[in-house]
Each structure stands twice: as structure tokens, then as C-alpha cells.
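In what follows, a single structure is set out as C-alpha cells and then discussed.
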Amino acid sequence: MDIDWDTFLWPYNEAVRELKVKFRSLRQGFLTRGEHSPIEFVIGRVKTVDSIKEKMTRRVISPDVIETDMQDIAGIRIVTQFVDDIYKVVDLIHARDDMEVVEERDYIQNAKPSGYRSYHMVINYTVYLPEGPKTLIAEIQIRTLAMNFWATVEHTLNYKYKGVYPDDISKRLKSTAEAAYKLDEEMSSIKDEVQEAQKIFTKNKGKEKS
């Protein structure tokens, strides 16, 4: 089965574009009301063709089931300030009627052996093409700033070691993952003070513009 990759990936690119706009607008809605936003920033990407082909080979996924068996072709990452914010975002997503949650994996309460922490949600999302609506699968990862920093570094190292880390690197990764989580816990303990300071800063910034 030959795949026209431009045609195949176009709906996924549209889904990522739309989802980024929606979650960024949600963040702005909180800020406009002068409230703490559980969303700090949002990024998204569509897997490259090379990455899709590599995963098809590694996971033995045939071309005719890519759309159902590969859940992360379209990926959204939502980064938060605090651990509590992650679960607030999860609730916000569940409350929406423009996306359907079909699977969830909580790697915060149940960290991976490597130390990786994040909350994963798999959703059905509908985009509207010239020929009509198309529902596809997208993955949403929700994590704190500290978790995101750790995961970004680990992802970079994975290019070198292909997931098979030397013992000393593996131990350091686990140690730094725990340190990142302790940082999240410490920041959560002063969350009220941080949020109050942010409100004062936002209010003063608004006065400067007026």
C-alpha cells in the first residue's frame, strides 16, 4: 500500500493547529478574568514521515491500520506550573464536547522505571475536510515545567543511546527525575504565594499599559 504522505498527514496538521489555538485560548480566558491559568504554554507537532516509518517497522504496524494503531501521529503538549494544574487540565478536557477521551495513562502517580512523569490522554478529534468530517486520534501530554525539562533532556539522550542507557546515565536520570518531582512538591507548597504574586504583577502590568 503506497501512502500519499502529504494527503495523509494534512488532517493531522489541521488537528494540531486547531487544538493549539483552543488550548491557548483557554489559557487566555483564565488570564483575562484575572485568574490563575492551569495552562502555562502549549506546543504541538505532527510526526515526521521518517518517524512514522520507523515506528511502523519497530511496532510491526501495517499501513492499513496506522490511523488506529499509532496514537501519537498528532501530539499536543500542555505544560503547567504546578502538579495540581495537571489534573485541572485533565478535568477541563473531560468537560469539553469537541473532543472525546478514549484512553488515559497517569505516569505522575505511576512513574515509568526511567523516572519519566507525565499525564497522557488519547482523544478522538474531528476535523472538517473539503469532503466532510474526519475523526482522528491525537495524543495530549500534560506535565509541569520541571517534568518537561527532564523529559526533553531524556528525549535528547535517547537519540544517542536508543533507549539503552549505561548504568551510570540511567541512575542519574532516575535521580534527576526524583529531584524534579521534589521541586514540583516544594513549588506546590508555596503555590498560593506564587499565584498571589502573579496577580499583583498582572494588575500592575495592566496599569502600566493604561
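Labels for the C-alpha cells follow display order: chains A, B, ..., residues from 1 in each chain, ligands from 1.
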
Tell me which protein, DNA and RNA residues are within 9 Å of range 170-186 of chain A, counting only C-alpha atoms, leaving out same-chain ones fewer than 3 positions away, and put them as a ChimeraX atom specification.
/A:81-83,113-117,144-147,149-151,154,164-167,189-191

Might you pull out every residue within 7 Å of Asn124 in chain A, with only C-alpha atoms counted and same-chain residues fewer than 2 positions away left off, and present them as a ChimeraX atom specification?
/A:99-102,126,135-138

Those same residues, written as a PDB file, in the first residue's frame with N, CA, C and O atoms?
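Wrote result26.pdb, looks like this:
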ATOM      1  N   MET A  99     -14.030  17.114  21.869  1.00  0.00           N
ATOM      2  CA  MET A  99     -13.034  16.047  21.841  1.00  0.00           C
ATOM      3  C   MET A  99     -13.473  14.954  22.808  1.00  0.00           C
ATOM      4  O   MET A  99     -14.077  15.229  23.839  1.00  0.00           O
ATOM      5  N   GLU A 100     -13.162  13.720  22.464  1.00  0.00           N
ATOM      6  CA  GLU A 100     -13.577  12.578  23.286  1.00  0.00           C
ATOM      7  C   GLU A 100     -12.346  11.834  23.805  1.00  0.00           C
ATOM      8  O   GLU A 100     -11.501  11.388  23.020  1.00  0.00           O
ATOM      9  N   VAL A 101     -12.250  11.714  25.117  1.00  0.00           N
ATOM     10  CA  VAL A 101     -11.136  10.984  25.727  1.00  0.00           C
ATOM     11  C   VAL A 101     -11.401   9.490  25.597  1.00  0.00           C
ATOM     12  O   VAL A 101     -12.446   8.992  26.019  1.00  0.00           O
ATOM     13  N   VAL A 102     -10.449   8.780  25.003  1.00  0.00           N
ATOM     14  CA  VAL A 102     -10.621   7.335  24.814  1.00  0.00           C
ATOM     15  C   VAL A 102      -9.622   6.516  25.631  1.00  0.00           C
ATOM     16  O   VAL A 102      -9.806   5.316  25.806  1.00  0.00           O
ATOM     17  N   THR A 126     -12.328  15.625  15.745  1.00  0.00           N
ATOM     18  CA  THR A 126     -12.868  15.715  14.391  1.00  0.00           C
ATOM     19  C   THR A 126     -12.421  16.996  13.694  1.00  0.00           C
ATOM     20  O   THR A 126     -12.563  18.095  14.253  1.00  0.00           O
ATOM     21  N   THR A 135     -12.730  12.020  11.804  1.00  0.00           N
ATOM     22  CA  THR A 135     -12.320  11.865  13.189  1.00  0.00           C
ATOM     23  C   THR A 135     -11.006  11.106  13.247  1.00  0.00           C
ATOM     24  O   THR A 135     -10.874  10.025  12.646  1.00  0.00           O
ATOM     25  N   LEU A 136     -10.037  11.681  13.934  1.00  0.00           N
ATOM     26  CA  LEU A 136      -8.734  11.037  14.043  1.00  0.00           C
ATOM     27  C   LEU A 136      -8.282  11.000  15.503  1.00  0.00           C
ATOM     28  O   LEU A 136      -8.894  11.621  16.381  1.00  0.00           O
ATOM     29  N   ILE A 137      -7.213  10.285  15.747  1.00  0.00           N
ATOM     30  CA  ILE A 137      -6.673  10.119  17.099  1.00  0.00           C
ATOM     31  C   ILE A 137      -5.521  11.096  17.319  1.00  0.00           C
ATOM     32  O   ILE A 137      -4.677  11.279  16.440  1.00  0.00           O
ATOM     33  N   ALA A 138      -5.514  11.723  18.482  1.00  0.00           N
ATOM     34  CA  ALA A 138      -4.405  12.600  18.866  1.00  0.00           C
ATOM     35  C   ALA A 138      -4.023  12.307  20.316  1.00  0.00           C
ATOM     36  O   ALA A 138      -4.851  11.846  21.105  1.00  0.00           O
TER      37      ALA A 138
END

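If you count only C-alpha atoms and ignore residues fewer than 4 places along the chain from Ile93 in chain A, what sits within 10 Å of it is Phe23, Tyr87, Lys88, Val89, Asp97, Asp98, Met99, Glu100, Val101, Met121, Ile123 and Ile140 of chain A.
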
I need the residues from that last selection saved to file as a PDB file, in the first residue's frame (with N, CA, C and O atoms), if you can.
ATOM      1  N   PHE A  23      -6.497  25.437  23.134  1.00  0.00           N
ATOM      2  CA  PHE A  23      -5.917  25.406  24.478  1.00  0.00           C
ATOM      3  C   PHE A  23      -5.257  26.742  24.833  1.00  0.00           C
ATOM      4  O   PHE A  23      -5.289  27.161  25.994  1.00  0.00           O
ATOM      5  N   TYR A  87      -4.068  18.033  36.808  1.00  0.00           N
ATOM      6  CA  TYR A  87      -5.359  17.383  36.978  1.00  0.00           C
ATOM      7  C   TYR A  87      -6.518  18.340  36.690  1.00  0.00           C
ATOM      8  O   TYR A  87      -7.604  17.901  36.279  1.00  0.00           O
ATOM      9  N   LYS A  88      -6.283  19.638  36.870  1.00  0.00           N
ATOM     10  CA  LYS A  88      -7.299  20.616  36.475  1.00  0.00           C
ATOM     11  C   LYS A  88      -7.461  20.614  34.955  1.00  0.00           C
ATOM     12  O   LYS A  88      -8.578  20.700  34.441  1.00  0.00           O
ATOM     13  N   VAL A  89      -6.325  20.518  34.239  1.00  0.00           N
ATOM     14  CA  VAL A  89      -6.385  20.459  32.781  1.00  0.00           C
ATOM     15  C   VAL A  89      -7.083  19.173  32.332  1.00  0.00           C
ATOM     16  O   VAL A  89      -7.891  19.189  31.400  1.00  0.00           O
ATOM     17  N   ASP A  97     -16.912  19.110  24.790  1.00  0.00           N
ATOM     18  CA  ASP A  97     -17.688  18.251  23.896  1.00  0.00           C
ATOM     19  C   ASP A  97     -17.141  18.251  22.477  1.00  0.00           C
ATOM     20  O   ASP A  97     -17.752  17.677  21.566  1.00  0.00           O
ATOM     21  N   ASP A  98     -15.981  18.902  22.269  1.00  0.00           N
ATOM     22  CA  ASP A  98     -15.373  18.907  20.936  1.00  0.00           C
ATOM     23  C   ASP A  98     -14.220  17.920  20.828  1.00  0.00           C
ATOM     24  O   ASP A  98     -13.496  17.899  19.834  1.00  0.00           O
ATOM     25  N   MET A  99     -14.030  17.114  21.869  1.00  0.00           N
ATOM     26  CA  MET A  99     -13.034  16.047  21.841  1.00  0.00           C
ATOM     27  C   MET A  99     -13.473  14.954  22.808  1.00  0.00           C
ATOM     28  O   MET A  99     -14.077  15.229  23.839  1.00  0.00           O
ATOM     29  N   GLU A 100     -13.162  13.720  22.464  1.00  0.00           N
ATOM     30  CA  GLU A 100     -13.577  12.578  23.286  1.00  0.00           C
ATOM     31  C   GLU A 100     -12.346  11.834  23.805  1.00  0.00           C
ATOM     32  O   GLU A 100     -11.501  11.388  23.020  1.00  0.00           O
ATOM     33  N   VAL A 101     -12.250  11.714  25.117  1.00  0.00           N
ATOM     34  CA  VAL A 101     -11.136  10.984  25.727  1.00  0.00           C
ATOM     35  C   VAL A 101     -11.401   9.490  25.597  1.00  0.00           C
ATOM     36  O   VAL A 101     -12.446   8.992  26.019  1.00  0.00           O
ATOM     37  N   MET A 121      -3.187  11.593  27.590  1.00  0.00           N
ATOM     38  CA  MET A 121      -4.582  11.380  27.212  1.00  0.00           C
ATOM     39  C   MET A 121      -4.630  11.145  25.703  1.00  0.00           C
ATOM     40  O   MET A 121      -3.960  11.851  24.937  1.00  0.00           O
ATOM     41  N   ILE A 123      -7.220  11.154  22.559  1.00  0.00           N
ATOM     42  CA  ILE A 123      -8.551  11.668  22.248  1.00  0.00           C
ATOM     43  C   ILE A 123      -8.945  11.379  20.806  1.00  0.00           C
ATOM     44  O   ILE A 123      -8.087  11.194  19.941  1.00  0.00           O
ATOM     45  N   ILE A 140      -2.425  13.834  23.900  1.00  0.00           N
ATOM     46  CA  ILE A 140      -2.145  15.028  24.678  1.00  0.00           C
ATOM     47  C   ILE A 140      -1.280  14.619  25.868  1.00  0.00           C
ATOM     48  O   ILE A 140      -1.645  13.712  26.624  1.00  0.00           O
TER      49      ILE A 140
END

Run DSSP on the backbone and tell me which residues of range 97-169 of chain A come out as strand (DSSP E or B); list them as a PyMOL selection string.
chain A and resi 99-106+119-129+132-144

DSSP-assigned helix (DSSP H, G or I) members of range 4-210 of chain A, reported as a PyMOL selection string
chain A and resi 5-32+49-59+63-69+83-95+145-161+167-189+191-209

Let me see the file: selected residues, C-alpha atoms, as a tab-separated table (two decimals), in the first residue's frame.
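Output saved as part_32.tsv:
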chain	number	residue	atom	x	y	z
A	5	TRP	CA	2.02	11.32	2.89
A	6	ASP	CA	1.04	14.92	2.18
A	7	THR	CA	-2.61	13.96	1.86
A	8	PHE	CA	-2.45	11.53	4.79
A	9	LEU	CA	-0.85	14.00	7.21
A	10	TRP	CA	-2.84	17.09	6.26
A	11	PRO	CA	-5.77	16.31	8.66
A	12	TYR	CA	-3.29	15.73	11.49
A	13	ASN	CA	-1.61	19.06	10.82
A	14	GLU	CA	-5.01	20.73	10.90
A	15	ALA	CA	-5.92	18.96	14.16
A	16	VAL	CA	-2.70	20.12	15.83
A	17	ARG	CA	-3.25	23.68	14.61
A	18	GLU	CA	-6.83	23.75	15.92
A	19	LEU	CA	-6.00	22.16	19.26
A	20	LYS	CA	-3.15	24.61	19.91
A	21	VAL	CA	-5.49	27.52	19.24
A	22	LYS	CA	-8.19	26.09	21.52
A	23	PHE	CA	-5.92	25.41	24.48
A	24	ARG	CA	-4.12	28.74	24.11
A	25	SER	CA	-7.50	30.48	24.03
A	26	LEU	CA	-8.48	28.58	27.17
A	27	ARG	CA	-5.36	29.88	28.89
A	28	GLN	CA	-6.13	33.43	27.78
A	29	GLY	CA	-9.66	33.09	29.14
A	30	PHE	CA	-8.34	32.46	32.65
A	31	LEU	CA	-5.88	35.35	32.42
A	32	THR	CA	-8.49	37.77	31.07
A	49	VAL	CA	7.28	10.65	7.83
A	50	ASP	CA	10.62	9.11	8.82
A	51	SER	CA	9.48	8.83	12.44
A	52	ILE	CA	6.21	7.20	11.39
A	53	LYS	CA	8.01	4.69	9.16
A	54	GLU	CA	10.49	3.86	11.94
A	55	LYS	CA	7.66	3.22	14.39
A	56	MET	CA	5.76	1.15	11.83
A	57	THR	CA	8.81	-1.10	11.49
A	58	ARG	CA	9.57	-1.24	15.21
A	59	ARG	CA	5.97	-1.94	16.26
A	63	PRO	CA	-0.09	0.76	6.57
A	64	ASP	CA	-3.83	-0.01	6.62
A	65	VAL	CA	-4.07	0.34	10.43
A	66	ILE	CA	-1.81	3.34	11.04
A	67	GLU	CA	-4.76	5.60	11.85
A	68	THR	CA	-5.96	3.34	14.67
A	69	ASP	CA	-2.74	1.71	15.92
A	83	VAL	CA	1.21	19.33	39.67
A	84	ASP	CA	-2.35	20.21	40.74
A	85	ASP	CA	-2.75	22.13	37.49
A	86	ILE	CA	-2.22	18.93	35.52
A	87	TYR	CA	-5.36	17.38	36.98
A	88	LYS	CA	-7.30	20.62	36.48
A	89	VAL	CA	-6.38	20.46	32.78
A	90	VAL	CA	-7.46	16.81	32.69
A	91	ASP	CA	-10.87	17.80	34.10
A	92	LEU	CA	-11.16	20.66	31.58
A	93	ILE	CA	-10.51	18.27	28.71
A	94	HIS	CA	-13.07	15.77	30.01
A	95	ALA	CA	-15.64	18.57	30.21
A	145	LEU	CA	7.76	22.77	33.72
A	146	ALA	CA	10.16	20.61	35.74
A	147	MET	CA	8.85	17.37	34.24
A	148	ASN	CA	9.05	18.88	30.78
A	149	PHE	CA	12.69	19.91	31.25
A	150	TRP	CA	13.62	16.40	32.40
A	151	ALA	CA	11.68	14.72	29.58
A	152	THR	CA	13.29	16.99	26.98
A	153	VAL	CA	16.78	16.09	28.18
A	154	GLU	CA	15.91	12.38	28.34
A	155	HIS	CA	14.48	12.52	24.81
A	156	THR	CA	17.71	14.08	23.55
A	157	LEU	CA	19.84	11.42	25.23
A	158	ASN	CA	17.64	8.74	23.70
A	159	TYR	CA	18.85	9.73	20.23
A	160	LYS	CA	22.37	8.76	21.31
A	161	TYR	CA	21.62	5.64	23.36
A	167	ASP	CA	24.12	2.20	34.21
A	168	ASP	CA	25.57	5.50	35.41
A	169	ILE	CA	23.42	7.54	33.00
A	170	SER	CA	20.33	5.54	33.96
A	171	LYS	CA	20.95	6.15	37.67
A	172	ARG	CA	21.50	9.85	37.12
A	173	LEU	CA	18.33	10.14	35.07
A	174	LYS	CA	16.30	8.49	37.82
A	175	SER	CA	17.96	10.70	40.43
A	176	THR	CA	17.28	13.89	38.50
A	177	ALA	CA	13.68	12.79	37.85
A	178	GLU	CA	13.16	12.48	41.60
A	179	ALA	CA	14.83	15.85	42.14
A	180	ALA	CA	12.48	17.41	39.56
A	181	TYR	CA	9.46	15.93	41.33
A	182	LYS	CA	10.69	17.19	44.70
A	183	LEU	CA	10.99	20.63	43.12
A	184	ASP	CA	7.36	20.33	41.99
A	185	GLU	CA	6.34	19.39	45.52
A	186	GLU	CA	8.22	22.35	47.01
A	187	MET	CA	6.68	24.74	44.49
A	188	SER	CA	3.23	23.35	45.26
A	189	SER	CA	3.78	24.18	48.94
A	191	LYS	CA	1.53	27.84	45.26
A	192	ASP	CA	-0.80	30.35	46.92
A	193	GLU	CA	2.00	32.86	47.37
A	194	VAL	CA	3.18	32.42	43.78
A	195	GLN	CA	-0.32	32.87	42.39
A	196	GLU	CA	-0.92	35.97	44.51
A	197	ALA	CA	2.35	37.47	43.26
A	198	GLN	CA	1.32	36.70	39.68
A	199	LYS	CA	-2.00	38.52	40.18
A	200	ILE	CA	-0.21	41.59	41.53
A	201	PHE	CA	2.25	41.51	38.62
A	202	THR	CA	-0.55	41.18	36.05
A	203	LYS	CA	-2.55	44.01	37.66
A	204	ASN	CA	0.45	46.35	37.73
A	205	LYS	CA	1.33	45.46	34.15
A	206	GLY	CA	-2.20	46.41	33.14
A	207	LYS	CA	-1.88	49.79	34.87
A	208	GLU	CA	1.37	50.49	33.01
A	209	LYS	CA	-0.37	49.96	29.66

Proximity to Ile39 in chain A - best of A:Gln109, A:Ser118, A:Thr80, A:Gln141, only C-alpha atoms
A:Thr80
